[in-house]
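Heads up, the thing below is written out as structure tokens.
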Amino acid sequence: MRAADRLVADTVRRSGPWLTVLAVASVLGAFAQLALPFVLGRTVDELVAGTTGAPGTPGTPGGTGAATWLAACAAAVILTVVCDTLGVWAAGSSGARSSAWLRNRVVRNVLGVGPVITRRFPEGDLVTRMGLNTEEIGRAPESIVTGAALVIPTAGGVVALTLIDPLLTVTLVAGLVLIALVLRAFLSVSTSIAGDYQAAQSDIAARLVDALAGARTIAAAGTADRERARVLTALPRLRGHAMDMWRANARAGVQAGAVVPLLEVAVLGVGGLRLAAGDLTAGELYAAARYVVLGAGLGSALGYVSRLARARAAAARVEELTSESPRAYGTRPLPAGPGTLELRGVDAGGLRDVDLVIPGGQAVAVVGRSGAGKSLLAAVAGRLLDPLHGTVLLDGVPLPDLSRESLRHAVGYAFERPALLGDTVGAAVALGLDAPAAGTGRHGRRGPRTGTGPGDHDRDGRADGRGEVVRAAARAARADTFVRRLPLGYDTPLEEAPMSGGERQRLGLARAFAQGWRLLILDDATSSLDTVTERQVARALSRELRDRTRLIVTHRVATAAAADRVIWLDDGRVRACGGHRALWADPAYRAVFQTGTSSPAFRADTSFGAGGS
């Protein structure tokens, strides 16, 4: 738990100025509570003494002594109320600030690590850790400060009782030792139970996210009841941990609560004897009773300890995310070059000992059966994933040596199911795109703009460099036509732009075309396109985008036939690399496409290769 406790401490330090306000309010409130028994005791003594004195003289009910102490009582009560009110406001503000800081840190680290983190943590688990668990950690500053403030009346009660009568102090200290032992044991037990409870929550969330992703399949198969049962499999376990937490709270509450009345009885008994002996006044006995309640108020820290236990358990889970090292980038710019991609001795999970050289400007298809490592190769080629061993180079420069800007401007990714991020359709295509230019082409200059002329404007009439690149990329991906039909064109909010799977893929392709000026990596990114649209995209790849290196993961024989070269992966290794026509002679290669057709051509009407297949 040391790493988790350090994370909690970092969160406390990042709580901002409101935590200081909370600390000041808690301390002042504690001193006000500590002063109240004293001024009440003096008020009682003044009133009792006044019953035997002359009316109108100091010390009588109508005198200045009693009035002064009554005013002090009112001031102590008002100060307590003000501090409590300010403390509630400061606790909420500091908790929100610390949660926001921690959530921002975790999200930034998770995104920096990249998609590889989802291999260890399912998406639902990640959401739970970054959402609910960070919020629980954000409550730790309030729990620590407010709980620590309880020490002030406790310590003050011990000192005050010592000044009144040392015998009373011995009784209080004995009770405080018992309460401290109860709280310590409760913190340890609660942290363990809270961790199990949070793990069960994440399990349910992960199952739910998987079910939502496959909602259409579940509906089509009619297995909603079975899927609901699968999602809620962890619910009995969640309930069990919740009951364990309730029992631990109840047990500790009873143990700590039983000490308080016992202490009061003991102190009142000893104090009564001292009063009878004339060693205490009535006001001192009343003050002693109140100080015992304040001193034993350490038992009320049970709620703060419970929240701190949940925060520590949550911190242990969140720390697993922050301990993942994000990818480090170099500082080298990408030199001018054709976009030559090299993989030297690359091992990356399912990939084993891959050696490849892809000449710049070529279109290379990557084929293989499911699980052969095609998407893994695509991830390694553009540094979405770093290999365990080996080196990946672009135009002679190892990818880790490149700056983030150089790498992301040079490489464009398109996926089978693209995530469209941004407020509008145009923003989704322009994601990560600098204005006005998006990078450099194969020889170091800015990449081509396809069909952009002085008449090209956004729907609202704007025409800037970035808008031109977005529109040109959309035209190359054959997305411009359907985007123009949207109510606000490129300015249409994404939530108001219903799109088919093929239209989403076209926007994903457009985003890659706008970004990747040196290397385009298409990971099954045309699988949802109809035949005509796919041929049109292939034509753009072979014409407007021919000066870029194109690495295309595909399951379609026509796509492989149109490529300059084909990389055939089998069980994580490169089984063969060459032209599609030559590879077609191998029956095992033909079996990859699961087709009974014997023709080796399957040539598309257009080729996206440099010189055809």
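Scheme for the structure tokens: letters A, B, ... for chains in order shown; per-chain residue numbers from 1; ligand numbers from 1 in order shown.
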- Task: Give me the residues within 9 Å of Ala363 in chain A as a PyMOL selection string, counting only C-alpha atoms and dropping any in the same chain fewer than 2 places off.
- Result: chain A and resi 358+360-361+365+541-542+546+548-552+562-566+608-610
- Might you pull out every residue within 9 Å of range 158-164 of chain A, with only C-alpha atoms counted and same-chain residues fewer than 5 positions away left off, and present them as a PyMOL selection string? chain A and resi 38+153+169-170+172-173+280+284-285+287-288+291-292+295
- Message: Please compute the CA of Arg230 in chain A-CA of Gln198 in chain A distance, one decimal, in Å.
- Response: 18.3 Å
- Considering only C-alpha atoms, return as a ChimeraX atom specification whatever protein or nucleic-acid residues lie within 12 Å of Cys83 in chain A, sequence-local ones (same chain, fewer than 4 positions apart) excluded. /A:21-33,76-79,87-91,146
Write the residues you've just listed into a file as a short mmCIF file (atom, residue, chain, number, x, y, z; two decimals), in the first residue's frame, and include all heavy atoms for each of them.
data_model
loop_
_atom_site.label_atom_id
_atom_site.label_comp_id
_atom_site.auth_asym_id
_atom_site.auth_seq_id
_atom_site.Cartn_x
_atom_site.Cartn_y
_atom_site.Cartn_z
N VAL A 21 -8.36 26.39 3.39
CA VAL A 21 -9.57 26.93 4.02
C VAL A 21 -10.23 25.88 4.91
O VAL A 21 -10.67 26.16 6.02
CB VAL A 21 -10.54 27.44 2.95
CG1 VAL A 21 -11.86 27.90 3.59
CG2 VAL A 21 -9.92 28.58 2.15
N LEU A 22 -10.30 24.65 4.40
CA LEU A 22 -10.90 23.56 5.18
C LEU A 22 -10.10 23.31 6.45
O LEU A 22 -10.68 23.11 7.53
CB LEU A 22 -10.95 22.29 4.33
CG LEU A 22 -11.44 21.02 5.03
CD1 LEU A 22 -12.86 21.20 5.53
CD2 LEU A 22 -11.33 19.82 4.10
N ALA A 23 -8.78 23.33 6.33
CA ALA A 23 -7.94 23.08 7.50
C ALA A 23 -8.13 24.18 8.54
O ALA A 23 -8.28 23.90 9.75
CB ALA A 23 -6.48 22.99 7.09
N VAL A 24 -8.15 25.45 8.09
CA VAL A 24 -8.33 26.56 9.02
C VAL A 24 -9.70 26.48 9.68
O VAL A 24 -9.84 26.66 10.91
CB VAL A 24 -8.15 27.91 8.29
CG1 VAL A 24 -8.53 29.07 9.19
CG2 VAL A 24 -6.71 28.06 7.82
N ALA A 25 -10.74 26.22 8.88
CA ALA A 25 -12.09 26.12 9.43
C ALA A 25 -12.20 24.97 10.42
O ALA A 25 -12.84 25.09 11.48
CB ALA A 25 -13.10 25.94 8.30
N SER A 26 -11.57 23.84 10.10
CA SER A 26 -11.63 22.68 11.01
C SER A 26 -10.91 22.97 12.31
O SER A 26 -11.39 22.62 13.39
CB SER A 26 -11.02 21.45 10.31
OG SER A 26 -11.72 21.13 9.14
N VAL A 27 -9.75 23.62 12.21
CA VAL A 27 -8.98 23.93 13.42
C VAL A 27 -9.72 24.95 14.29
O VAL A 27 -9.85 24.78 15.51
CB VAL A 27 -7.58 24.44 13.05
CG1 VAL A 27 -6.86 24.98 14.29
CG2 VAL A 27 -6.76 23.32 12.41
N LEU A 28 -10.22 26.02 13.65
CA LEU A 28 -10.96 27.01 14.42
C LEU A 28 -12.21 26.41 15.04
O LEU A 28 -12.56 26.70 16.21
CB LEU A 28 -11.32 28.20 13.53
CG LEU A 28 -10.17 29.11 13.10
CD1 LEU A 28 -10.68 30.21 12.18
CD2 LEU A 28 -9.48 29.72 14.32
N GLY A 29 -12.91 25.58 14.27
CA GLY A 29 -14.09 24.92 14.81
C GLY A 29 -13.76 24.02 15.98
O GLY A 29 -14.51 23.94 16.96
N ALA A 30 -12.62 23.32 15.86
CA ALA A 30 -12.21 22.44 16.96
C ALA A 30 -11.90 23.24 18.22
O ALA A 30 -12.28 22.86 19.34
CB ALA A 30 -11.00 21.62 16.53
N PHE A 31 -11.20 24.37 18.06
CA PHE A 31 -10.90 25.20 19.23
C PHE A 31 -12.17 25.81 19.81
O PHE A 31 -12.29 25.98 21.03
CB PHE A 31 -9.91 26.30 18.85
CG PHE A 31 -8.48 25.84 18.87
CD1 PHE A 31 -7.74 25.75 17.71
CD2 PHE A 31 -7.86 25.48 20.06
CE1 PHE A 31 -6.43 25.32 17.71
CE2 PHE A 31 -6.54 25.04 20.08
CZ PHE A 31 -5.82 24.96 18.90
N ALA A 32 -13.13 26.14 18.91
CA ALA A 32 -14.40 26.67 19.43
C ALA A 32 -15.13 25.62 20.25
O ALA A 32 -15.70 25.91 21.32
CB ALA A 32 -15.27 27.15 18.26
N GLN A 33 -15.13 24.38 19.76
CA GLN A 33 -15.75 23.31 20.52
C GLN A 33 -15.01 23.06 21.83
O GLN A 33 -15.62 22.77 22.87
CB GLN A 33 -15.76 22.03 19.69
CG GLN A 33 -16.65 22.07 18.46
CD GLN A 33 -16.60 20.79 17.66
OE1 GLN A 33 -16.07 19.78 18.13
NE2 GLN A 33 -17.11 20.83 16.45
N ALA A 76 -18.79 31.43 20.87
CA ALA A 76 -18.25 30.10 20.58
C ALA A 76 -19.21 29.30 19.70
O ALA A 76 -18.79 28.61 18.77
CB ALA A 76 -17.97 29.35 21.89
N VAL A 77 -20.52 29.41 20.01
CA VAL A 77 -21.51 28.69 19.21
C VAL A 77 -21.54 29.22 17.78
O VAL A 77 -21.58 28.46 16.80
CB VAL A 77 -22.90 28.78 19.87
CG1 VAL A 77 -23.97 28.23 18.93
CG2 VAL A 77 -22.92 28.04 21.19
N ILE A 78 -21.53 30.55 17.63
CA ILE A 78 -21.57 31.16 16.29
C ILE A 78 -20.32 30.77 15.49
O ILE A 78 -20.41 30.43 14.30
CB ILE A 78 -21.69 32.69 16.40
CG1 ILE A 78 -23.07 33.07 16.98
CG2 ILE A 78 -21.48 33.35 15.04
CD1 ILE A 78 -23.23 34.53 17.29
N LEU A 79 -19.17 30.81 16.14
CA LEU A 79 -17.94 30.44 15.46
C LEU A 79 -17.98 28.98 15.00
O LEU A 79 -17.54 28.65 13.90
CB LEU A 79 -16.73 30.67 16.37
CG LEU A 79 -15.36 30.33 15.78
CD1 LEU A 79 -15.08 31.16 14.54
CD2 LEU A 79 -14.26 30.53 16.82
N GLY A 87 -16.51 24.81 6.27
CA GLY A 87 -15.84 23.53 6.07
C GLY A 87 -16.53 22.67 5.04
O GLY A 87 -15.88 22.01 4.22
N VAL A 88 -17.87 22.66 5.06
CA VAL A 88 -18.62 21.88 4.07
C VAL A 88 -18.34 22.40 2.66
O VAL A 88 -18.12 21.63 1.71
CB VAL A 88 -20.13 21.92 4.38
CG1 VAL A 88 -20.93 21.32 3.24
CG2 VAL A 88 -20.42 21.19 5.68
N TRP A 89 -18.36 23.71 2.49
CA TRP A 89 -18.09 24.31 1.18
C TRP A 89 -16.66 24.01 0.72
O TRP A 89 -16.43 23.62 -0.43
CB TRP A 89 -18.32 25.82 1.26
CG TRP A 89 -18.12 26.52 -0.06
CD1 TRP A 89 -16.95 26.95 -0.60
CD2 TRP A 89 -19.13 26.85 -1.01
NE1 TRP A 89 -17.14 27.53 -1.82
CE2 TRP A 89 -18.49 27.49 -2.11
CE3 TRP A 89 -20.51 26.69 -1.05
CZ2 TRP A 89 -19.18 27.95 -3.20
CZ3 TRP A 89 -21.20 27.16 -2.16
CH2 TRP A 89 -20.54 27.77 -3.22
N ALA A 90 -15.71 24.19 1.63
CA ALA A 90 -14.31 23.96 1.27
C ALA A 90 -14.04 22.49 0.97
O ALA A 90 -13.25 22.16 0.07
CB ALA A 90 -13.40 24.44 2.40
N ALA A 91 -14.71 21.59 1.71
CA ALA A 91 -14.52 20.16 1.46
C ALA A 91 -14.98 19.78 0.06
O ALA A 91 -14.29 19.04 -0.66
CB ALA A 91 -15.27 19.34 2.51
N THR A 146 -10.23 16.72 8.10
CA THR A 146 -11.30 16.78 9.08
C THR A 146 -11.07 15.76 10.18
O THR A 146 -11.33 16.04 11.37
CB THR A 146 -12.65 16.51 8.40
OG1 THR A 146 -12.77 17.36 7.25
CG2 THR A 146 -13.80 16.81 9.35
#
- Message: With only C-alpha atoms as the counted atoms, please give the residues lying no more than 6 Å from Gly502 in chain A, apart from itself and same-chain residues fewer than 3 positions off, as a list in words.
- Response: Gln505, Ser528 and Leu529 of chain A
Could the residues in this selection be saved with N, CA, C and O atoms as an mmCIF file, in the first residue's frame?
data_model
loop_
_atom_site.group_PDB
_atom_site.id
_atom_site.type_symbol
_atom_site.label_atom_id
_atom_site.label_comp_id
_atom_site.auth_asym_id
_atom_site.auth_seq_id
_atom_site.Cartn_x
_atom_site.Cartn_y
_atom_site.Cartn_z
ATOM 1 N N GLN A 505 -16.285 4.654 -41.818
ATOM 2 C CA GLN A 505 -14.967 4.239 -42.308
ATOM 3 C C GLN A 505 -14.384 5.269 -43.268
ATOM 4 O O GLN A 505 -13.174 5.527 -43.258
ATOM 5 N N SER A 528 -16.026 -2.199 -44.674
ATOM 6 C CA SER A 528 -17.454 -1.879 -44.714
ATOM 7 C C SER A 528 -17.850 -1.094 -45.953
ATOM 8 O O SER A 528 -19.002 -0.682 -46.077
ATOM 9 N N LEU A 529 -16.912 -0.868 -46.863
ATOM 10 C CA LEU A 529 -17.220 -0.105 -48.070
ATOM 11 C C LEU A 529 -17.824 -1.021 -49.133
ATOM 12 O O LEU A 529 -17.435 -2.191 -49.264
#
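When only C-alpha atoms are used to compute distances to Ala560 in chain A, the closest of the residues A:Val267, A:Ala276, A:Ala372, A:Cys577 turns out to be A:Cys577.
Residues with any atom within 12 Å of Ala497 in chain A, counting only C-alpha atoms and excluding same-chain neighbours fewer than 4 positions away, are Leu420, Asp423, Thr424, Val425, Gly426, Ala428, Phe482, Val483, Arg484, Arg485, Leu486, Pro487, Leu488, Gly489, Tyr490, Asp491, Thr492, Pro493, Glu503, Arg504 and Leu507 of chain A.
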Writer output for current selection, N, CA and C atoms, as a compact mmCIF listing (two decimals), in the first residue's frame:
# COMPACT_ATOMS: atom_id res chain seq x y z
N LEU A 420 -14.75 8.41 -33.91
CA LEU A 420 -14.81 9.79 -34.38
C LEU A 420 -14.87 10.73 -33.18
N ASP A 423 -16.21 17.85 -31.96
CA ASP A 423 -17.56 18.39 -31.86
C ASP A 423 -18.33 18.26 -33.17
N THR A 424 -17.63 18.37 -34.29
CA THR A 424 -18.30 18.36 -35.59
C THR A 424 -17.66 17.32 -36.50
N VAL A 425 -18.30 17.09 -37.64
CA VAL A 425 -17.75 16.15 -38.62
C VAL A 425 -16.39 16.64 -39.11
N GLY A 426 -16.28 17.94 -39.40
CA GLY A 426 -15.01 18.48 -39.85
C GLY A 426 -13.91 18.35 -38.81
N ALA A 428 -13.72 16.03 -36.57
CA ALA A 428 -13.34 14.62 -36.49
C ALA A 428 -12.30 14.27 -37.54
N PHE A 482 -21.26 12.76 -49.19
CA PHE A 482 -22.30 12.57 -48.17
C PHE A 482 -22.18 13.60 -47.05
N VAL A 483 -20.99 14.12 -46.80
CA VAL A 483 -20.85 15.18 -45.78
C VAL A 483 -21.57 16.45 -46.24
N ARG A 484 -21.47 16.75 -47.53
CA ARG A 484 -22.15 17.94 -48.06
C ARG A 484 -23.66 17.84 -47.90
N ARG A 485 -24.19 16.63 -47.89
CA ARG A 485 -25.63 16.46 -47.76
C ARG A 485 -26.12 16.62 -46.32
N LEU A 486 -25.21 16.67 -45.36
CA LEU A 486 -25.60 16.86 -43.97
C LEU A 486 -26.14 18.28 -43.76
N PRO A 487 -26.96 18.50 -42.73
CA PRO A 487 -27.60 19.82 -42.55
C PRO A 487 -26.62 20.99 -42.55
N LEU A 488 -25.49 20.83 -41.88
CA LEU A 488 -24.51 21.91 -41.80
C LEU A 488 -23.18 21.52 -42.43
N GLY A 489 -23.20 20.52 -43.27
CA GLY A 489 -21.97 20.11 -43.92
C GLY A 489 -20.93 19.68 -42.91
N TYR A 490 -19.72 20.20 -43.08
CA TYR A 490 -18.62 19.84 -42.18
C TYR A 490 -18.81 20.40 -40.77
N ASP A 491 -19.70 21.36 -40.61
CA ASP A 491 -19.97 21.92 -39.29
C ASP A 491 -21.11 21.21 -38.56
N THR A 492 -21.61 20.11 -39.12
CA THR A 492 -22.68 19.36 -38.47
C THR A 492 -22.15 18.67 -37.23
N PRO A 493 -22.79 18.86 -36.06
CA PRO A 493 -22.35 18.13 -34.86
C PRO A 493 -22.42 16.62 -35.08
N GLU A 503 -19.84 4.84 -44.03
CA GLU A 503 -19.60 6.29 -43.97
C GLU A 503 -18.63 6.63 -42.85
N ARG A 504 -18.73 5.94 -41.73
CA ARG A 504 -17.77 6.17 -40.64
C ARG A 504 -16.37 5.76 -41.10
N LEU A 507 -14.88 8.50 -43.19
CA LEU A 507 -14.35 9.61 -42.39
C LEU A 507 -13.04 9.21 -41.72
Could you make a table, as a Markdown table, of the residues of range 46-146 of chain A that have an atom within 12 Å of an atom of range 183-197 of chain A, each with its nearest atom pair and distance in Å to one decimal, counting only C-alpha atoms, in chain and number order?
| residue | atom | partner | partner_atom | distance |
| --- | --- | --- | --- | --- |
| A:Arg129 | CA | A:Gly195 | CA | 11.6 |
| A:Asn133 | CA | A:Gly195 | CA | 10.2 |
| A:Glu136 | CA | A:Ala194 | CA | 10.8 |
Now that the selection is made, can you save its residues with all heavy atoms as a compact mmCIF listing (two decimals), in the first residue's frame?
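Resulting contents of out.txt:
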# COMPACT_ATOMS: atom_id res chain seq x y z
N ARG A 129 -11.89 2.69 -12.95
CA ARG A 129 -10.71 3.20 -12.24
C ARG A 129 -10.55 4.70 -12.45
O ARG A 129 -10.24 5.44 -11.51
CB ARG A 129 -9.45 2.47 -12.72
CG ARG A 129 -9.39 1.00 -12.31
CD ARG A 129 -8.20 0.30 -12.93
NE ARG A 129 -8.24 -1.13 -12.76
CZ ARG A 129 -7.43 -1.83 -11.95
NH1 ARG A 129 -6.52 -1.22 -11.23
NH2 ARG A 129 -7.53 -3.15 -11.87
N ASN A 133 -13.20 5.42 -9.05
CA ASN A 133 -12.10 5.29 -8.10
C ASN A 133 -11.35 6.59 -7.88
O ASN A 133 -10.94 6.90 -6.75
CB ASN A 133 -11.12 4.20 -8.57
CG ASN A 133 -11.72 2.81 -8.52
OD1 ASN A 133 -11.27 1.91 -9.20
ND2 ASN A 133 -12.76 2.61 -7.72
N GLU A 136 -13.30 8.64 -5.44
CA GLU A 136 -13.13 8.20 -4.06
C GLU A 136 -11.81 8.70 -3.49
O GLU A 136 -11.73 9.09 -2.31
CB GLU A 136 -13.22 6.68 -3.99
CG GLU A 136 -14.61 6.15 -4.25
CD GLU A 136 -14.67 4.63 -4.23
OE1 GLU A 136 -13.82 4.00 -4.88
OE2 GLU A 136 -15.56 4.08 -3.57
Produce a table with one row for each residue of range 49-156 of chain A that has an atom at most 12 Å from any atom of range 327-347 of chain A, each row naming the nearest atom pair and its distance in Å at one decimal; use only C-alpha atoms; arrange rows by chain and rising residue number; format as JSON lines.
{"residue": "A:Arg108", "atom": "CA", "partner": "A:Arg327", "partner_atom": "CA", "distance": 11.5}
{"residue": "A:Asn109", "atom": "CA", "partner": "A:Arg327", "partner_atom": "CA", "distance": 9.3}
{"residue": "A:Val110", "atom": "CA", "partner": "A:Arg327", "partner_atom": "CA", "distance": 10.2}
{"residue": "A:Leu111", "atom": "CA", "partner": "A:Arg327", "partner_atom": "CA", "distance": 9.5}
{"residue": "A:Gly112", "atom": "CA", "partner": "A:Arg327", "partner_atom": "CA", "distance": 5.9}
{"residue": "A:Val113", "atom": "CA", "partner": "A:Arg327", "partner_atom": "CA", "distance": 5.6}
{"residue": "A:Gly114", "atom": "CA", "partner": "A:Arg327", "partner_atom": "CA", "distance": 7.7}
{"residue": "A:Pro115", "atom": "CA", "partner": "A:Arg327", "partner_atom": "CA", "distance": 11.1}
{"residue": "A:Val116", "atom": "CA", "partner": "A:Arg327", "partner_atom": "CA", "distance": 10.7}
{"residue": "A:Ile117", "atom": "CA", "partner": "A:Arg327", "partner_atom": "CA", "distance": 11.5}
Residues of the last selection are to be written out with N, CA, C and O atoms, as a compact mmCIF listing (two decimals), in the first residue's frame.
# COMPACT_ATOMS: atom_id res chain seq x y z
N ARG A 108 -4.23 11.20 -18.95
CA ARG A 108 -3.05 11.55 -19.75
C ARG A 108 -2.05 10.39 -19.78
O ARG A 108 -1.47 10.09 -20.83
N ASN A 109 -1.88 9.71 -18.65
CA ASN A 109 -0.94 8.60 -18.61
C ASN A 109 -1.45 7.41 -19.41
O ASN A 109 -0.68 6.77 -20.15
N VAL A 110 -2.74 7.12 -19.30
CA VAL A 110 -3.32 6.00 -20.05
C VAL A 110 -3.21 6.24 -21.56
O VAL A 110 -2.82 5.34 -22.32
N LEU A 111 -3.52 7.45 -22.00
CA LEU A 111 -3.40 7.76 -23.41
C LEU A 111 -1.94 7.75 -23.86
O LEU A 111 -1.64 7.40 -25.00
N GLY A 112 -1.04 8.13 -22.95
CA GLY A 112 0.38 8.09 -23.28
C GLY A 112 0.91 6.68 -23.42
O GLY A 112 1.79 6.41 -24.26
N VAL A 113 0.37 5.76 -22.63
CA VAL A 113 0.78 4.35 -22.75
C VAL A 113 0.31 3.78 -24.08
O VAL A 113 1.01 3.00 -24.73
N GLY A 114 -0.90 4.18 -24.49
CA GLY A 114 -1.42 3.72 -25.78
C GLY A 114 -2.32 2.51 -25.64
O GLY A 114 -2.63 2.04 -24.54
N PRO A 115 -2.76 1.97 -26.78
CA PRO A 115 -3.74 0.88 -26.76
C PRO A 115 -3.25 -0.39 -26.10
O PRO A 115 -4.05 -1.26 -25.78
N VAL A 116 -1.94 -0.51 -25.88
CA VAL A 116 -1.43 -1.72 -25.25
C VAL A 116 -1.99 -1.89 -23.84
O VAL A 116 -2.07 -3.02 -23.33
N ILE A 117 -2.42 -0.81 -23.22
CA ILE A 117 -2.91 -0.90 -21.85
C ILE A 117 -4.21 -1.68 -21.78
O ILE A 117 -4.55 -2.26 -20.75
- Task: Skip range 2-5 of chain A itself and residues of its chain fewer than 3 positions away, then list as a list in words all residues within 12 Å of it, counting only C-alpha atoms.
- Result: Val8, Ala9, Asp10, Thr11, Val12, Thr134, Ile137, Ala140, Thr191, Gly195, Leu308, Ala309, Arg310, Ala311, Arg312, Ala313, Ala314, Ala315, Ala316, Arg317, Val318, Glu319, Glu320, Leu321, Thr322 and Ser323 of chain A
How would the residues just chosen look if you wrote them out with N, CA, C and O atoms as a short mmCIF file (atom, residue, chain, number, x, y, z; two decimals), in the first residue's frame?
data_model
loop_
_atom_site.label_atom_id
_atom_site.label_comp_id
_atom_site.auth_asym_id
_atom_site.auth_seq_id
_atom_site.Cartn_x
_atom_site.Cartn_y
_atom_site.Cartn_z
N VAL A 8 -2.24 8.99 -2.63
CA VAL A 8 -3.18 9.75 -1.80
C VAL A 8 -2.53 11.04 -1.32
O VAL A 8 -3.15 12.12 -1.34
N ALA A 9 -1.25 10.95 -0.91
CA ALA A 9 -0.55 12.15 -0.45
C ALA A 9 -0.40 13.17 -1.58
O ALA A 9 -0.57 14.38 -1.36
N ASP A 10 -0.09 12.70 -2.80
CA ASP A 10 0.00 13.61 -3.94
C ASP A 10 -1.34 14.29 -4.20
O ASP A 10 -1.40 15.48 -4.54
N THR A 11 -2.41 13.53 -4.07
CA THR A 11 -3.75 14.09 -4.29
C THR A 11 -4.06 15.17 -3.25
O THR A 11 -4.65 16.20 -3.57
N VAL A 12 -3.65 14.94 -2.00
CA VAL A 12 -3.87 15.94 -0.96
C VAL A 12 -3.12 17.22 -1.28
O VAL A 12 -3.66 18.33 -1.15
N THR A 134 -11.15 7.39 -8.92
CA THR A 134 -10.49 8.68 -8.72
C THR A 134 -11.35 9.62 -7.88
O THR A 134 -10.82 10.42 -7.11
N ILE A 137 -10.77 8.70 -4.30
CA ILE A 137 -9.48 9.23 -3.84
C ILE A 137 -9.59 10.74 -3.59
O ILE A 137 -8.96 11.27 -2.67
N ALA A 140 -10.25 11.90 -0.13
CA ALA A 140 -9.25 11.66 0.91
C ALA A 140 -8.78 12.94 1.59
O ALA A 140 -8.63 12.95 2.83
N THR A 191 -9.93 -1.30 4.33
CA THR A 191 -9.16 -1.13 3.09
C THR A 191 -9.22 -2.40 2.26
O THR A 191 -9.41 -2.36 1.04
N GLY A 195 -11.26 -2.75 -1.36
CA GLY A 195 -10.58 -3.17 -2.57
C GLY A 195 -11.32 -4.29 -3.29
O GLY A 195 -11.46 -4.28 -4.51
N LEU A 308 -11.37 7.12 4.20
CA LEU A 308 -9.94 7.01 3.92
C LEU A 308 -9.58 5.59 3.48
O LEU A 308 -8.74 5.41 2.60
N ALA A 309 -10.23 4.60 4.07
CA ALA A 309 -9.97 3.21 3.67
C ALA A 309 -10.38 2.99 2.21
O ALA A 309 -9.65 2.35 1.44
N ARG A 310 -11.54 3.51 1.83
CA ARG A 310 -11.97 3.37 0.44
C ARG A 310 -11.03 4.11 -0.50
O ARG A 310 -10.74 3.66 -1.61
N ALA A 311 -10.54 5.28 -0.05
CA ALA A 311 -9.60 6.05 -0.88
C ALA A 311 -8.29 5.29 -1.05
O ALA A 311 -7.72 5.26 -2.15
N ARG A 312 -7.81 4.64 0.00
CA ARG A 312 -6.55 3.88 -0.11
C ARG A 312 -6.72 2.69 -1.03
O ARG A 312 -5.84 2.37 -1.84
N ALA A 313 -7.86 2.00 -0.90
CA ALA A 313 -8.12 0.86 -1.79
C ALA A 313 -8.23 1.32 -3.24
O ALA A 313 -7.68 0.69 -4.16
N ALA A 314 -8.92 2.44 -3.47
CA ALA A 314 -9.04 2.98 -4.82
C ALA A 314 -7.68 3.43 -5.35
O ALA A 314 -7.37 3.25 -6.53
N ALA A 315 -6.86 4.01 -4.48
CA ALA A 315 -5.53 4.47 -4.90
C ALA A 315 -4.66 3.29 -5.34
O ALA A 315 -3.86 3.42 -6.27
N ALA A 316 -4.81 2.14 -4.68
CA ALA A 316 -4.05 0.96 -5.08
C ALA A 316 -4.43 0.54 -6.50
O ALA A 316 -3.57 0.08 -7.28
N ARG A 317 -5.70 0.70 -6.86
CA ARG A 317 -6.15 0.34 -8.21
C ARG A 317 -5.72 1.38 -9.23
O ARG A 317 -5.27 1.04 -10.33
N VAL A 318 -5.85 2.65 -8.88
CA VAL A 318 -5.47 3.72 -9.82
C VAL A 318 -3.96 3.75 -10.01
O VAL A 318 -3.47 4.05 -11.11
N GLU A 319 -3.21 3.42 -8.96
CA GLU A 319 -1.76 3.45 -9.06
C GLU A 319 -1.25 2.46 -10.10
O GLU A 319 -0.20 2.67 -10.71
N GLU A 320 -2.01 1.39 -10.32
CA GLU A 320 -1.62 0.43 -11.35
C GLU A 320 -1.65 1.07 -12.73
O GLU A 320 -0.89 0.67 -13.63
N LEU A 321 -2.51 2.06 -12.92
CA LEU A 321 -2.56 2.77 -14.20
C LEU A 321 -1.43 3.79 -14.29
O LEU A 321 -0.79 3.93 -15.34
N THR A 322 -1.19 4.52 -13.21
CA THR A 322 -0.15 5.56 -13.25
C THR A 322 1.25 4.96 -13.27
O THR A 322 2.21 5.62 -13.67
N SER A 323 1.39 3.70 -12.82
CA SER A 323 2.71 3.08 -12.82
C SER A 323 3.11 2.60 -14.22
O SER A 323 4.29 2.30 -14.46
#
- All residues 12 Å or closer to Val254 in chain A, only C-alpha atoms, same chain fewer than 3 positions away omitted, as a PyMOL selection string: chain A and resi 179+182-183+186+247-251+257-261+299-300+302
- DSSP on the backbone, then: every residue of range 69-157 of chain A marked alpha helix (DSSP H), written as a ChimeraX atom specification. /A:69-113,123-128,134-138,140-149,151-157
